[in-house]
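Novice: Got a structure for you, questions after.
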Amino acid sequence: METRLYATKDLESLARLIDIHVSVVPPFLPVGIGGTRAILDARDPWDAHYPEGGFHSVCEETPCVFGLEGSGATLQASPLESPKAILRATARIRRIDAVSGATGPGQCFIDWLAVDPALPESGGPLIAAIEAKAREWGCPVAAVEGRNHLGAGWFGIPEVWSHLLDRFEAAGWDRRDPWLILYGAMPADRRDGEGWEFRWDVNEKAGEWGLTAFRDGRKAGECMVWGIPSHLAGVPGMEKWINLEYVGVEEEFQRRGLARALVLEQARFHQERGASMASLAGPAGRGLALPTLGVKNFILMTEPDNHAARGLFESLGFAYGPVCWQFRKRLR
Ligand SMILES: CC(C)(COP(=O)(O)OP(=O)(O)OC[C@H]1O[C@@H](n2cnc3c(N)ncnc32)[C@H](O)[C@@H]1OP(=O)(O)O)[C@@H](O)C(=O)NCCC(=O)NCCS
C-alpha cells in the first residue's frame, strides 16, 4: 500500500466512509464533503485551548494520509487513479517528535481512521501500513490517544465502531483508558443556582466559557464548556451542540446541588447568547465553532466508573453514548 495525500477526486469516497462512522456517534451528524475537507485540513483543532503550548504542543509533525482501496470481498492494491476503485480504509497519522507532558517523545499518533464496515478486513492492512510507517519514522510507540478529529471532542475509538476495535486487538494493540460519552438536550428555563455566587471567565476567541461558583467568598465549584472543534464548525446542525469539558465541586460542597446548578447555568447562558457572536464564526470549517443562539445539546465524556458524574448527568436527563477506547502499541 502506498502513502499518499488525497486528491479532490477521493473526497466523495472519503466522505462516505467518514459519514458511516460519525453518524452513529453523538452528535449523529454526517459531515459531508465540506466537513471531510475540513477534517483533512485540520491539524491541531484544539490548539486554541492551549495557547501556551502545554500538553498538546507539537514541535514537529509529519502528516500522512493513507488510502487503501478494494472492491468486492478482496482487497486490491489498485491505484487510486483507477476509476472503479472505492476507498475502503483510510487514516491520517502524524509523527510528533517532541511533546511536553505525559505523551513522551517520538510517538506516531492516529488522528483519525475509517474502515468500510462492509469490508472490515481492510482494517488489518491499514493498521499494518500505519505500523510500517511509524517504524520508518523511528517511533517507539504508535497510539490512538486523545481527541479523535472526526468527533466533537471525544477521545479514541467508539465501541460502536466494533470493526475497528477488533482489528486493533488482532494486530496486538493494547486497549486502554476508556471514556464514556454522555449527551443531552438541556432545559431552557430551569435554574438551580440559589445561594451560590457565579462568576464567568469567558474567552470567546478560543471558544471557552468558564463558570465558577463561590459561597461566602470561597470557591466551591467550576464548570468549563468548550465550543465544538473549529474544523467542524460548518457542519449543519453542529451549531446546536456544545462540549461540556469539565465540572467539579469541592468536596465540602458536594451533594448540595451545585454541579447541577453550574451545568444548568451554562445551558441557560448558551441558549441566550447574543446573535452578535455569529460574526466571530468564519465560513464553513474555517472559523471558530462558536454557537450562536439556541445551543440545545451538550456532549461530554467521563470515566465509565465515575458514578457521581453519571448520576449527575442522568439526573439532568442525559443519554449514554458509546464508550471510547484508546489504543497503543510498542513498536520496539
Ligand atoms: C460529579 C460532581 C461534580 C457532582 O457534584 P455535586 O455538586 O456533588 O452534584 P450535585 O449535588 O449537583 O448532584 C446532582 C445529582 O447528581 C447525582 N450525584 C451527585 N453525586 C453523586 C454520587 N456521589 N453518587 C451518585 N450520584 C451522585 C445525584 O443524582 C444528584 O442528585 P440528588 O442529590 O438530588 O440525588 C462531584 O462529585 C465532583 O466534583 N467529582 C469530582 C470531579 C468529577 O469527577 N467531575 C466529573 C467530570 S465530567
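Residues are referred to by chain and number: the chain letter is A, B, ... according to the order shown in the C-alpha cells, the number counts from 1 in that chain, and ligands are numbered separately from 1 in the order shown.
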Name the residues of stretch 164-322 of chain A that fall into strand (DSSP E or B) according to DSSP on the backbone, using the chain letters and numbers of this document, as a ChimeraX atom specification.

Specialist: /A:174-185,197-203,208-215,218-226,228,241-249,289,297-302,319-322

Novice: Counting only C-alpha atoms, what is within 6 Å of stretch 104-113 of chain A, bar same-chain residues fewer than 3 positions away, as a JSON list (two decimals) with C-alpha atoms, in the first residue's frame?

Specialist:
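Generated file (result.json):
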[["chain", "number", "residue", "atom", "x", "y", "z"],
["A", 90, "THR", "CA", -8.22, 5.42, 5.39],
["A", 91, "ALA", "CA", -6.31, 7.14, 8.17],
["A", 92, "ARG", "CA", -4.25, 10.14, 8.97],
["A", 93, "ILE", "CA", -1.26, 9.69, 11.19],
["A", 94, "ARG", "CA", 1.35, 12.10, 12.45],
["A", 95, "ARG", "CA", 4.77, 11.80, 13.93],
["A", 96, "ILE", "CA", 5.09, 14.06, 16.90],
["A", 97, "ASP", "CA", 8.73, 14.44, 17.71],
["A", 98, "ALA", "CA", 8.54, 16.34, 20.93],
["A", 99, "VAL", "CA", 5.52, 16.66, 23.12],
["A", 134, "ALA", "CA", 5.66, 4.55, 12.27],
["A", 139, "CYS", "CA", 8.65, 5.95, 16.51],
["A", 141, "VAL", "CA", 5.12, 3.79, 20.02],
["A", 142, "ALA", "CA", 2.03, 4.18, 17.87],
["A", 143, "ALA", "CA", -1.17, 5.31, 19.54],
["A", 144, "VAL", "CA", -4.80, 6.22, 19.14],
["A", 148, "ASN", "CA", -10.44, 11.93, 17.56],
["A", 149, "HIS", "CA", -10.50, 14.60, 14.85]]

Novice: Using only C-alpha atoms and all ligand atoms, what table do you get, as a Markdown table, when you list each residue of chain A with an atom no more than 9 Å from ligand 1, its nearest pair of atoms, and their distance in Å rounded to one decimal, rows by chain then rising number?

Specialist:
| residue | atom | partner | partner_atom_place_in_ligand_line | distance |
| --- | --- | --- | --- | --- |
| A:Ala220 | CA | ligand 1 | 7 (O) | 8.9 |
| A:Gly221 | CA | ligand 1 | 39 (O) | 7.4 |
| A:Glu222 | CA | ligand 1 | 3 (C) | 8.5 |
| A:Cys223 | CA | ligand 1 | 3 (C) | 8.6 |
| A:Leu244 | CA | ligand 1 | 48 (S) | 7.7 |
| A:Glu245 | CA | ligand 1 | 48 (S) | 7.0 |
| A:Tyr246 | CA | ligand 1 | 48 (S) | 5.0 |
| A:Val247 | CA | ligand 1 | 45 (N) | 5.0 |
| A:Gly248 | CA | ligand 1 | 39 (O) | 3.4 |
| A:Val249 | CA | ligand 1 | 39 (O) | 3.8 |
| A:Glu250 | CA | ligand 1 | 39 (O) | 6.0 |
| A:Glu251 | CA | ligand 1 | 39 (O) | 6.9 |
| A:Glu252 | CA | ligand 1 | 8 (O) | 8.9 |
| A:Phe253 | CA | ligand 1 | 7 (O) | 6.5 |
| A:Gln254 | CA | ligand 1 | 8 (O) | 3.3 |
| A:Arg255 | CA | ligand 1 | 11 (O) | 3.2 |
| A:Arg256 | CA | ligand 1 | 11 (O) | 4.2 |
| A:Gly257 | CA | ligand 1 | 12 (O) | 3.2 |
| A:Leu258 | CA | ligand 1 | 7 (O) | 4.1 |
| A:Ala259 | CA | ligand 1 | 12 (O) | 3.7 |
| A:Arg260 | CA | ligand 1 | 12 (O) | 3.9 |
| A:Ala261 | CA | ligand 1 | 12 (O) | 6.4 |
| A:Leu262 | CA | ligand 1 | 12 (O) | 8.0 |
| A:Val263 | CA | ligand 1 | 12 (O) | 8.7 |
| A:Leu300 | CA | ligand 1 | 48 (S) | 7.0 |
| A:Met301 | CA | ligand 1 | 48 (S) | 6.2 |
| A:Thr302 | CA | ligand 1 | 48 (S) | 4.8 |
| A:Glu303 | CA | ligand 1 | 47 (C) | 7.8 |
| A:Asn306 | CA | ligand 1 | 44 (O) | 6.1 |
| A:His307 | CA | ligand 1 | 24 (N) | 5.3 |
| A:Ala308 | CA | ligand 1 | 22 (C) | 3.5 |
| A:Ala309 | CA | ligand 1 | 1 (C) | 4.0 |
| A:Arg310 | CA | ligand 1 | 26 (N) | 6.9 |
| A:Gly311 | CA | ligand 1 | 17 (C) | 3.8 |
| A:Leu312 | CA | ligand 1 | 16 (O) | 3.0 |
| A:Phe313 | CA | ligand 1 | 16 (O) | 6.6 |
| A:Glu314 | CA | ligand 1 | 29 (O) | 6.9 |
| A:Ser315 | CA | ligand 1 | 29 (O) | 5.1 |
| A:Leu316 | CA | ligand 1 | 15 (C) | 8.0 |

Novice: Pull C-alpha atoms from the residues just selected and write them as a PDB file, in the first residue's frame.

Specialist:
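The resulting result_6.pdb:
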ATOM      1  CA  ALA A 220     -16.984  25.922  45.705  1.00  0.00           C
ATOM      2  CA  GLY A 221     -17.089  24.530  42.167  1.00  0.00           C
ATOM      3  CA  GLU A 222     -16.492  25.158  38.490  1.00  0.00           C
ATOM      4  CA  CYS A 223     -17.745  24.159  35.083  1.00  0.00           C
ATOM      5  CA  LEU A 244     -19.055  20.238  28.427  1.00  0.00           C
ATOM      6  CA  GLU A 245     -15.384  19.911  29.193  1.00  0.00           C
ATOM      7  CA  TYR A 246     -15.369  19.668  32.962  1.00  0.00           C
ATOM      8  CA  VAL A 247     -17.472  20.093  36.061  1.00  0.00           C
ATOM      9  CA  GLY A 248     -16.057  19.776  39.559  1.00  0.00           C
ATOM     10  CA  VAL A 249     -17.242  20.651  43.047  1.00  0.00           C
ATOM     11  CA  GLU A 250     -15.035  20.947  46.145  1.00  0.00           C
ATOM     12  CA  GLU A 251     -15.642  18.011  48.445  1.00  0.00           C
ATOM     13  CA  GLU A 252     -17.145  20.020  51.288  1.00  0.00           C
ATOM     14  CA  PHE A 253     -19.752  21.488  48.898  1.00  0.00           C
ATOM     15  CA  GLN A 254     -20.757  18.263  47.182  1.00  0.00           C
ATOM     16  CA  ARG A 255     -24.269  16.827  47.231  1.00  0.00           C
ATOM     17  CA  ARG A 256     -25.872  20.237  47.615  1.00  0.00           C
ATOM     18  CA  GLY A 257     -26.972  20.577  44.005  1.00  0.00           C
ATOM     19  CA  LEU A 258     -24.070  22.789  42.946  1.00  0.00           C
ATOM     20  CA  ALA A 259     -22.873  20.725  39.955  1.00  0.00           C
ATOM     21  CA  ARG A 260     -26.391  20.592  38.593  1.00  0.00           C
ATOM     22  CA  ALA A 261     -26.750  24.344  39.143  1.00  0.00           C
ATOM     23  CA  LEU A 262     -23.469  25.007  37.296  1.00  0.00           C
ATOM     24  CA  VAL A 263     -24.492  22.902  34.293  1.00  0.00           C
ATOM     25  CA  LEU A 300     -19.250  15.309  27.302  1.00  0.00           C
ATOM     26  CA  MET A 301     -17.002  12.461  28.309  1.00  0.00           C
ATOM     27  CA  THR A 302     -16.323  10.933  31.675  1.00  0.00           C
ATOM     28  CA  GLU A 303     -14.635   7.830  33.035  1.00  0.00           C
ATOM     29  CA  ASN A 306     -17.356   7.896  37.648  1.00  0.00           C
ATOM     30  CA  HIS A 307     -20.649   7.190  39.382  1.00  0.00           C
ATOM     31  CA  ALA A 308     -21.074  10.719  40.707  1.00  0.00           C
ATOM     32  CA  ALA A 309     -20.755  12.183  37.206  1.00  0.00           C
ATOM     33  CA  ARG A 310     -23.073   9.552  35.770  1.00  0.00           C
ATOM     34  CA  GLY A 311     -25.631  10.270  38.497  1.00  0.00           C
ATOM     35  CA  LEU A 312     -25.360  13.978  37.865  1.00  0.00           C
ATOM     36  CA  PHE A 313     -25.963  13.766  34.126  1.00  0.00           C
ATOM     37  CA  GLU A 314     -28.632  11.102  34.478  1.00  0.00           C
ATOM     38  CA  SER A 315     -30.437  13.486  36.820  1.00  0.00           C
ATOM     39  CA  LEU A 316     -30.304  16.052  34.007  1.00  0.00           C
TER      40      LEU A 316
END

Novice: Show which residues sit within 9 Å of A:Pro26, as a PDB file with N, CA and C atoms, in the first residue's frame. Count only C-alpha atoms, and ignore same-chain residues fewer than 5 positions away.

Specialist:
ATOM      1  N   GLY A 151     -14.567  13.795  15.579  1.00  0.00           N
ATOM      2  CA  GLY A 151     -15.673  13.988  16.512  1.00  0.00           C
ATOM      3  C   GLY A 151     -15.702  15.328  17.202  1.00  0.00           C
ATOM      4  N   ALA A 152     -16.705  15.455  18.060  1.00  0.00           N
ATOM      5  CA  ALA A 152     -16.947  16.717  18.747  1.00  0.00           C
ATOM      6  C   ALA A 152     -16.143  16.815  20.035  1.00  0.00           C
ATOM      7  N   ILE A 181     -19.100   8.546  26.563  1.00  0.00           N
ATOM      8  CA  ILE A 181     -19.770   9.754  26.050  1.00  0.00           C
ATOM      9  C   ILE A 181     -21.170   9.854  26.656  1.00  0.00           C
ATOM     10  N   LEU A 182     -21.527  11.051  27.081  1.00  0.00           N
ATOM     11  CA  LEU A 182     -22.905  11.331  27.509  1.00  0.00           C
ATOM     12  C   LEU A 182     -23.382  12.545  26.721  1.00  0.00           C
ATOM     13  N   TYR A 183     -24.666  12.596  26.454  1.00  0.00           N
ATOM     14  CA  TYR A 183     -25.168  13.754  25.711  1.00  0.00           C
ATOM     15  C   TYR A 183     -26.613  14.005  26.101  1.00  0.00           C
ATOM     16  N   ILE A 299     -22.563  17.728  24.944  1.00  0.00           N
ATOM     17  CA  ILE A 299     -21.894  16.427  24.838  1.00  0.00           C
ATOM     18  C   ILE A 299     -20.701  16.473  25.779  1.00  0.00           C
ATOM     19  N   GLY A 321     -23.890   7.712  25.310  1.00  0.00           N
ATOM     20  CA  GLY A 321     -23.318   7.372  24.017  1.00  0.00           C
ATOM     21  C   GLY A 321     -22.386   6.185  24.227  1.00  0.00           C
ATOM     22  N   PRO A 322     -21.563   5.899  23.250  1.00  0.00           N
ATOM     23  CA  PRO A 322     -20.671   4.749  23.391  1.00  0.00           C
ATOM     24  C   PRO A 322     -19.489   5.023  24.319  1.00  0.00           C
TER      25      PRO A 322
END

Novice: Using only C-alpha atoms, determine which residues lie at most 9 Å from A:Leu150, disregarding the query and same-chain residues fewer than 4 positions distant; provide the list as a VMD selection string.

Specialist: chain A and resid 18 21 to 22 31 36 39 111 to 113 232

Novice: Would you output that residue set with N, CA and C atoms, as a CSV table (one decimal), in the first residue's frame?

Specialist:
chain,number,residue,atom,x,y,z
A,18,ILE,N,-16.3,8.4,6.1
A,18,ILE,CA,-16.3,9.1,7.4
A,18,ILE,C,-17.7,9.2,7.9
A,21,HIS,N,-19.1,6.4,9.9
A,21,HIS,CA,-18.6,6.4,11.3
A,21,HIS,C,-19.3,7.4,12.2
A,22,VAL,N,-19.3,8.7,11.7
A,22,VAL,CA,-19.7,9.8,12.6
A,22,VAL,C,-21.2,9.7,12.8
A,31,VAL,N,-20.9,14.6,8.1
A,31,VAL,CA,-20.1,15.8,7.9
A,31,VAL,C,-20.1,16.2,6.4
A,36,THR,N,-15.6,16.9,5.5
A,36,THR,CA,-14.5,16.0,5.2
A,36,THR,C,-13.3,16.8,4.8
A,39,ILE,N,-11.8,18.3,7.8
A,39,ILE,CA,-11.1,17.3,8.6
A,39,ILE,C,-9.7,17.1,8.1
A,111,ASP,N,-4.6,10.4,14.0
A,111,ASP,CA,-5.6,11.5,14.2
A,111,ASP,C,-7.1,10.9,14.0
A,112,TRP,N,-7.2,10.1,13.0
A,112,TRP,CA,-8.5,9.5,12.7
A,112,TRP,C,-8.3,8.4,11.7
A,113,LEU,N,-9.2,7.5,11.7
A,113,LEU,CA,-9.2,6.4,10.7
A,113,LEU,C,-10.6,6.0,10.5
A,232,LEU,N,-15.1,21.5,12.5
A,232,LEU,CA,-16.5,21.0,12.3
A,232,LEU,C,-17.5,22.1,12.3

Novice: So the first atom is atom CA of A:Met224 and the second is atom CA of A:Ile242; what is the distance between them in Å, to one decimal place?

Specialist: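 Separation between atom CA of A:Met224 and atom CA of A:Ile242: 10.9 Å.
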
Novice: As an MDAnalysis selection string, list the residues of stretch 156-209 of chain A assigned to helix (DSSP H, G or I) by DSSP on the backbone atoms of this structure.

Specialist: chainID A and resid 162:170
